[in-house]
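Working notes, structure below.
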Amino acid sequence: MLAQLKPVVRPVDRTGLNRSSHQGGIVTDHNRSTLIQSKVTSDSAQSSAVQPRQIFATHVLRMLVLRVIVGAATIGAGVIVARWLGPAGLGILTTIQVTVLVAVQLGTLGLPAAGTYFVARDRRNLAPLVVNALIFSLIAGSILSFTLIALASSGSRLFGDIPDSVMMVAAISIPFQLVILFGGSVFLGVGRILTFNLTDVAAQTSLLVSAVIALVMLGAGLYGLVSFNTIVYGLLSVIVIVMVYRLIDDIEKRRLRPSLDLFGRLIRYGVKFHVATVAGILVFRVDLLFVKYFRGADEAGVYAIAAQAGMVMMMLPNIIGTLLFPRVAAARDTTGELTARVTRHTAFIMFFACLLAAPMSFAIPFVFGPAFNDATFLFLLLLPGIFLIGIESVLVQHFSGTGLPVAIPLFWLATLMVNVGLNLALVPGFGARGAAVSSAISYALIFVVVAFYFRHKTSTRISDVLFARRDEIRELISDLPAGLVARRSSG
């Protein structure tokens, strides 16, 4: 009988039970009970480990579906504008959008990201943060609007072919866009992922709605398109204010007042994030302004399509980075283990996405028209850099969620200077192709410096950031379908 029980003894030892509980090699009822309890605990721990992965996969997939809708809407709006207004009209509209986007990002001072960070760490920051954000949006947004209008009216060559009235209407949307950004940061910080997604989708698809109504249905032209889009932003900002107000507890509503102390902490974090964000926006967008300045609106319109396709490729890593940021902030993970794991998963998916996108890019001229033939080659020049900066956009969330060291904005400033220098050297002679090469090199540069800084701070090998392990690939494949059918609420 002892011989029959010996095989049972080894599994008991592996569970970590004390050897003193064995009686002559015989497993007692107490040991059996402990073994069963240990197994149940182990199964529960495995279930607890799997569930967060599946919830994260659920959020990623749901956001990806919505961002695909955004991407399709962006492409659809581009097609309509290109067909109705031509390459020059598309170039002018894109220049307006980039200018307003840069102004909005300049005006945030990084406070939306700071809002997500502080709300994720302490929900009690919600009420004063909302008041601070609303006051700041109205004041800073108004200042930026008047500044942009004055700049456009000054006769600058960059805006020479853009009517003052069109730029004025576009500039009016800046306070509304700031309110929407702050609202989204609140939704993300409190874990209302679905609400955050829907708000973002509404803002991002507004141009398509405006293009259909203003251009296709009314034939209103560029001024009508921009005017209608500004109205949509205004309505959406009101809806966001109401939704954020409903998030605040009744007790906190009685104490709705600004907090100078919280505002100071927001500024200290936000300015660092702001420098990195603005530099990043410029790295992504300033090439278009150089093409417009040196080569004209037609070539800028063609390059805008290639850059737009690159932004579509960035959807997935941007989604993952957006969701990872509040998780790292809430968990206060300084080891980088969570970030490294998510980053190598992203690299695995992005590799195959880029392989698929390369042949698909040859369809661009068929969609937008023969005037955009060169957009395919421009996109292929951008693609290697897009792959690397997609990985960087996830990896950098480790630093964003743990206080954001000064090194990160400095890395982005250095990359911006390299990007501007390359554009000045290449765009006048090579046009949009020079801009694409400049951008690809800049994207690769920021990836390299952030990756090595991550290795320095966490002792994580670069290979552990880039290459998913076999067991993780199997988990990834199994978690993604689970994410599609998961019924857990994410809103």
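For the structure tokens, the naming scheme is as follows: chains receive sequential letters (A, B, ...) according to their order of presentation, residues are indexed from 1 within each chain, and ligands are indexed from 1 in presentation order.
For stretch 439-449 of chain A, the set of protein, DNA and RNA residues having any atom at most 7 Å away, when counting only C-alpha atoms and skipping those fewer than 3 positions along the same chain, is Leu382, Pro384, Gly385, Ile386, Leu388, Ile389, Glu392, Phe411, Trp412, Thr415, Val418, Asn419, Ala435, Ala436, Phe452 and Tyr453 of chain A.
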List the spatial neighbours of A:Ala340 as a short mmCIF file (atom, residue, chain, number, x, y, z; two decimals) with all heavy atoms, in the first residue's frame - criterion: any atom at most 8 Å away, only C-alpha atoms, same-chain residues fewer than 2 positions off excluded.
```cif
data_model
loop_
_atom_site.label_atom_id
_atom_site.label_comp_id
_atom_site.auth_asym_id
_atom_site.auth_seq_id
_atom_site.Cartn_x
_atom_site.Cartn_y
_atom_site.Cartn_z
N GLY A 336 8.89 47.78 -15.01
CA GLY A 336 8.79 47.76 -16.46
C GLY A 336 8.34 46.44 -17.02
O GLY A 336 8.24 46.27 -18.24
N GLU A 337 8.04 45.47 -16.16
CA GLU A 337 7.67 44.13 -16.64
C GLU A 337 6.37 44.17 -17.45
O GLU A 337 6.29 43.57 -18.53
CB GLU A 337 7.53 43.18 -15.46
CG GLU A 337 7.19 41.74 -15.84
CD GLU A 337 7.10 40.83 -14.64
OE1 GLU A 337 7.43 41.26 -13.53
OE2 GLU A 337 6.68 39.67 -14.82
N LEU A 338 5.37 44.86 -16.93
CA LEU A 338 4.09 44.95 -17.64
C LEU A 338 4.27 45.63 -18.99
O LEU A 338 3.78 45.16 -20.02
CB LEU A 338 3.08 45.72 -16.78
CG LEU A 338 1.76 46.09 -17.44
CD1 LEU A 338 0.99 44.84 -17.85
CD2 LEU A 338 0.92 46.97 -16.51
N VAL A 342 3.65 44.03 -22.87
CA VAL A 342 2.69 44.60 -23.81
C VAL A 342 3.40 45.11 -25.06
O VAL A 342 2.89 44.98 -26.18
CB VAL A 342 1.89 45.73 -23.12
CG1 VAL A 342 0.97 46.42 -24.12
CG2 VAL A 342 1.08 45.18 -21.96
N THR A 343 4.60 45.66 -24.90
CA THR A 343 5.33 46.20 -26.04
C THR A 343 5.74 45.11 -27.01
O THR A 343 5.62 45.28 -28.23
CB THR A 343 6.58 46.97 -25.55
OG1 THR A 343 6.17 48.01 -24.67
CG2 THR A 343 7.32 47.59 -26.73
N ARG A 344 6.24 44.00 -26.52
CA ARG A 344 6.64 42.94 -27.46
C ARG A 344 5.44 42.30 -28.14
O ARG A 344 5.55 41.84 -29.27
CB ARG A 344 7.53 41.90 -26.76
CG ARG A 344 6.98 41.20 -25.56
CD ARG A 344 8.03 40.22 -25.00
NE ARG A 344 7.58 39.57 -23.78
CZ ARG A 344 7.95 39.95 -22.56
NH1 ARG A 344 8.77 40.97 -22.39
NH2 ARG A 344 7.49 39.31 -21.49
N LEU A 395 6.07 51.58 -25.51
CA LEU A 395 7.16 51.47 -24.54
C LEU A 395 7.27 52.70 -23.65
O LEU A 395 7.54 52.60 -22.44
CB LEU A 395 8.48 51.25 -25.30
CG LEU A 395 9.73 50.99 -24.45
CD1 LEU A 395 9.58 49.72 -23.64
CD2 LEU A 395 10.96 50.90 -25.35
N THR A 460 16.07 45.80 -18.55
CA THR A 460 15.37 44.90 -19.48
C THR A 460 16.10 44.90 -20.82
O THR A 460 16.41 45.95 -21.37
CB THR A 460 13.92 45.37 -19.70
OG1 THR A 460 13.26 45.43 -18.44
CG2 THR A 460 13.17 44.41 -20.62
N ASP A 464 13.82 41.63 -25.14
CA ASP A 464 12.61 41.37 -24.36
C ASP A 464 11.53 42.39 -24.65
O ASP A 464 10.38 42.21 -24.25
CB ASP A 464 12.94 41.38 -22.87
CG ASP A 464 13.77 40.19 -22.44
OD1 ASP A 464 13.69 39.16 -23.13
OD2 ASP A 464 14.50 40.29 -21.44
N VAL A 465 11.88 43.47 -25.34
CA VAL A 465 10.92 44.47 -25.75
C VAL A 465 10.41 44.21 -27.17
O VAL A 465 9.25 44.49 -27.49
CB VAL A 465 11.55 45.88 -25.68
CG1 VAL A 465 10.66 46.92 -26.33
CG2 VAL A 465 11.81 46.26 -24.23
#
```
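The space separating atom CA of A:Ala432 from atom CA of A:Ser227 comes to 29.5 Å.
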